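Engineer: Take a look at this one; I'll ask things after.
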Amino acid sequence: METQDQTSNLSETLPVISLSGVNKWYGDFQALSNIDLEIKLKEKIVICGPSGSGKSTLIRCLNRLEAHQEGTIHVSGIELHERMKDIDVVRQDIGMVFQSFNLFPHLTVLENCMAGPNWVRGIDKNEAKKRAIAMLEQVKIPEQADKYPEQLSGGQQQRVAIARSLCMQPKVMLFDEPTSALDPEMVSEVLDTMIELAKSGMTMICVTHEMGFARQVADRVVFMADGEIVEQNSPEEFFNNPQHERTKAFLDQILK
Amino acid sequence: MFVDTVIEDKALHKPAFLIGLFVAVLAFFFAFNFTDTFFGEFLRPVIGEPKESGFFGRLAVSIVLAVLFVLNLFVISFFKLKGQIAIVWIELFLLFLAFAYSFDLKMSFIQSRIGLMISQGLFTTIYISAVSIVIATVIAIVGAIAKLSNNGFAFAIASFYTSLFRGLPLLLQVYLIYKGLPQIGFMVDAVPAGITALSLCYGAYMTEIFRAGIQSIPRGQWEASRALGFRFSLIMRKIILPQAVPIIIPPTGNQFIAMLKDSSLVSVLGVWELMYLARTLGQRDFRHMEMLLTAAMIYWALTIVLEVIQARIEEKYKQKG
Ligand SMILES: Nc1ncnc2c1ncn2[C@@H]1O[C@H](COP(=O)(O)OP(=O)(O)O)[C@@H](O)[C@H]1O
Ligand SMILES: [Mg+2]
């Protein structure tokens, strides 16, 4: 397939994801204004900003769970638009982790992880199972493989969700506040998993307010407010030397 | 449902409640005067000729009945839940039998016709219902998906269909299909006409049940599936329907049970199913009650079978999640 070739020929210098002049409205309300952003292979981006600033909307536009109305979004060189035929193929290469886990409750942990490779990647059951077990080992819960999601703690469920995405061997991983729904003592187990993933060279875009995580793994921190990117910088610069008043106010609040 | 962990005192063990209950039941039995029934006869040694026992006899019979009633409840209250349910079921069933028995039924009449009722009537009823249920289920899945799609044609056709077929009495649909289609050149036999009417009508109700079931699955399931690159049909088959099924089983079971009995409407077309035989077999000998009650028991037994199957399926899905 043509699209497959395009994604596999990806060069290190080209951006994996690029947005230019993206505008999005919900009815009359503008949720994203004039977003320009480029993300290179293996880059780790942290997006933060006050609630309602458009972080989820932005990240959900990247695999077209939401539609943008103006501007262009390219993923692996393929433009995302309304009339595209192969959005499913593009999505298979983009992993996404949700705030509310969204595991499939009627499938076991193992089946959750096997589903994608087996159903849409055309990988046979044995192979998919091997891969699923390997990924569950990577997120450190191989022993839960035969349980159903509701039998796991929140932190475990989120790690399964990460494993489920990794089983598709994605080129990019999107995280939308992956630790916000967790009890405090479970946040670190999920963050540790994400840190390891970052070390393995995964391209990651994370919406999160975990500033320790941002300092440790982010190549760039993007600050959003009112649907706009207010500033973006390396973590050092971002935390020690914020440029805008809004950024300062936000950091004051969140680091208090 | 949540059953509270604190046990309240049983009302039946409070003297005030018992006395109140007794008075109410006594008033009931007194008002309906049971002196010229089996119970009056039973008390003949005490009250003399029941018909002439007057106020005293009426009161005596009422008191005996009320005492038996309250005592019965009091005793039952000491059993465990399952025992209570079984005893009350059996007692109600015996009351029903006593009611049927009071019609002076001729058992030999029933025995001579029950064979035909089962081999012809029951068989036809089950055949019509089963075929209609399968067709209605298929219609409902397609209808529900059409109603949820954003394809204008699909939605319009599906909503027109459910509106029309939920809007007409089933009996009218049966007649329209049986008598109407031949007028525009389609001859239909009675059985296919009945099956068509039942399938279309119940397909419409079940479309709504399936639609609601599918809609009750959280949006996050769709989003996670889409994010993995699943296509619509795959999401439906593997993610949404398997989760919707446990939700739609109880109301669907209800529809199956209702359809079983609505299949009796096909009797107006002269199809020899249970209801038709129940109406006609007893006619010549003026033995209506025998046949009607026999049919009633057969319908009831069938319903119980369906209820048990439904409970089994519900249990199976409960264990899995
Ligand atoms: N489906 C929707 N319909 C209408 N408004 C929406 C919808 N989703 C989000 N919004 C609005 O868009 C804005 C940005 O939302 P969101 O991207 O979820 O913010 P964040 O993730 O930064 O908290 C909010 O004001 C929100 O109310
Ligand atoms: Mg959000």
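Starting from 1 in every chain, residues are counted up; chains themselves are A, B, ... following the order of the structure tokens, and ligands are numbered from 1 as listed.
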Which residues are near ligand 1 in this structure, taking near to mean any atom at most 6 Å from a ligand atom and counting only C-alpha atoms and all ligand atoms? Format them as a list in words.

Structural biologist: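 Written in the requested form, the residues are Tyr26, Ala31, Ser51, Gly52, Ser53, Gly54, Lys55, Ser56 and Thr57 of chain A.
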
Engineer: Show me which residues are within 12 Å of ligand 2 counting only C-alpha atoms and all ligand atoms, and format the list as a PyMOL selection string.

Structural biologist: chain A and resi 31+47-60+98-100+175-181+206-209+224+227

Engineer: Using only C-alpha atoms, pick whichever of B:Gln221, B:Thr280, B:Ser216, B:Thr303 has the shortest atom-to-atom distance to chain A.

Structural biologist: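 Closest candidate: B:Gln221.
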
Engineer: Tell me, counting only C-alpha atoms, for each residue of chain A within 7 Å of chain B, which pair of atoms is nearest and how far apart they are in Å to one decimal, in rows ordered by chain and increasing number, as CSV.

Structural biologist:
residue,atom,partner,partner_atom,distance
A:Asn63,CA,B:Ala227,CA,7.0
A:Asp88,CA,B:Gly229,CA,4.2
A:Val89,CA,B:Gly229,CA,6.3
A:Arg91,CA,B:Gly229,CA,4.9
A:Gln92,CA,B:Gly229,CA,4.8
A:Gly95,CA,B:Ala227,CA,7.0
A:Met96,CA,B:Ala227,CA,6.3
A:Asn102,CA,B:Gly220,CA,5.5
A:Phe104,CA,B:Gln221,CA,6.8
A:Pro105,CA,B:Gly321,CA,6.9
A:His106,CA,B:Gly321,CA,5.8
A:Gly116,CA,B:Leu228,CA,6.3
A:Val120,CA,B:Phe230,CA,6.7

Engineer: Neighbouring residues of Gly20 (chain B) were defined as those with any atom within 12 Å, considering only C-alpha atoms; residues of the same chain fewer than 6 positions away were excluded. Please report them as a PyMOL selection string.

Structural biologist: chain B and resi 11-12+14+26-27+66+70

Engineer: Atoms to include: C-alpha atoms. Write the selected residues as a JSON list (two decimals), in the first residue's frame.

Structural biologist:
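Contents of again-v3.json, freshly written:
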[["chain", "number", "residue", "atom", "x", "y", "z"],
["B", 11, "ALA", "CA", -43.22, -6.33, 60.24],
["B", 12, "LEU", "CA", -44.85, -9.75, 60.65],
["B", 14, "LYS", "CA", -44.74, -6.88, 65.43],
["B", 26, "LEU", "CA", -61.18, -10.17, 58.39],
["B", 27, "ALA", "CA", -63.03, -7.21, 56.91],
["B", 66, "ALA", "CA", -58.41, -14.58, 58.54],
["B", 70, "VAL", "CA", -52.31, -14.47, 59.05]]

Engineer: Can you tell me, as a list in words, what residues are no more than 7 Å from region 275-279 of chain B when counting only C-alpha atoms, ignoring any on the same chain fewer than 5 positions away?

Structural biologist: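 Everything that qualifies: Met117, Gly121, Ser264, Ser267, Gly270, Met291, Leu292 and Ala295 of chain B.
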
Engineer: Of the candidates B:Ile126, B:Met187, B:Val142, B:Leu172, which shows the shortest atom-to-atom distance to Glu208 (chain B), using only C-alpha atoms?

Structural biologist: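 With only C-alpha atoms as the atom set, the closest residue is B:Val142.
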
Engineer: My list of candidates is B:Phe256, B:Phe28, B:Phe69, B:Phe56. Which is closest to Gly40 (chain B) when distances are computed with only C-alpha atoms?

Structural biologist: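 Among B:Phe256, B:Phe28, B:Phe69, B:Phe56, it is B:Phe56 that comes nearest to Gly40 (chain B).
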
Engineer: Quick one: residues within 10 Å of region 159-167 of chain B, only C-alpha atoms counted, chain neighbours fewer than 6 positions away excluded, as a ChimeraX atom specification?

Structural biologist: /B:140,143-144,146-147,153,173,197,200-208

Engineer: Residues of region 134-186 of chain A classed as alpha helix (DSSP H) by DSSP on the backbone are to be reported as a list in words.

Structural biologist: Ala134, Met135, Leu136, Glu137, Gln138, Gly154, Gly155, Gln156, Gln157, Gln158, Arg159, Val160, Ala161, Ile162, Ala163, Arg164, Ser165, Leu166, Pro184, Glu185 and Met186 of chain A

Engineer: Work out how far CA of Phe223 (chain A) is from CA of Ile254 (chain A), in Å to one decimal.

Structural biologist: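 If I compute the distance from CA of Ile254 (chain A) to CA of Phe223 (chain A), I get 12.8 Å.
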
Engineer: Excluding region 243-248 of chain A and residues on its chain fewer than 5 positions from it, collect all residues at most 8 Å away from it, counting only C-alpha atoms, and give them as a list in words.

Structural biologist: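 These residues fall inside the cut-off: Phe223, Ala225, Val230, Glu231 and Phe238 of chain A.
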
Engineer: With C-alpha atoms retained, could you export that selection as a PDB file, in the first residue's frame?

Structural biologist:
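Saved as again-v1.pdb:
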ATOM      1  CA  PHE A 223       2.254  26.333  26.914  1.00  0.00           C
ATOM      2  CA  ALA A 225      -3.956  29.402  26.757  1.00  0.00           C
ATOM      3  CA  VAL A 230       1.564  31.206  24.089  1.00  0.00           C
ATOM      4  CA  GLU A 231       5.156  30.031  24.262  1.00  0.00           C
ATOM      5  CA  PHE A 238      10.412  27.347  30.339  1.00  0.00           C
TER       6      PHE A 238
END

Engineer: With a distance cut-off of 12 Å and only C-alpha atoms, select the neighbouring residues of Arg83 (chain A), excluding the residue or stretch itself and same-chain residues fewer than 4 positions from it, and output the selection as a list in words.

Structural biologist: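 Once the nearby chain positions are removed, what remains is Arg64, Ala67, Glu79 and Ile87 of chain A.
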
Engineer: CA of Lys256 (chain A) and CA of Met204 (chain A) are how many Å apart?

Structural biologist: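 Atom-to-atom, CA of Lys256 (chain A) to CA of Met204 (chain A), that is 26.8 Å.
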
Engineer: What is the CA of Ile248 (chain B)-CA of Lys316 (chain B) distance in Å, reported with one decimal?

Structural biologist: 14.0 Å
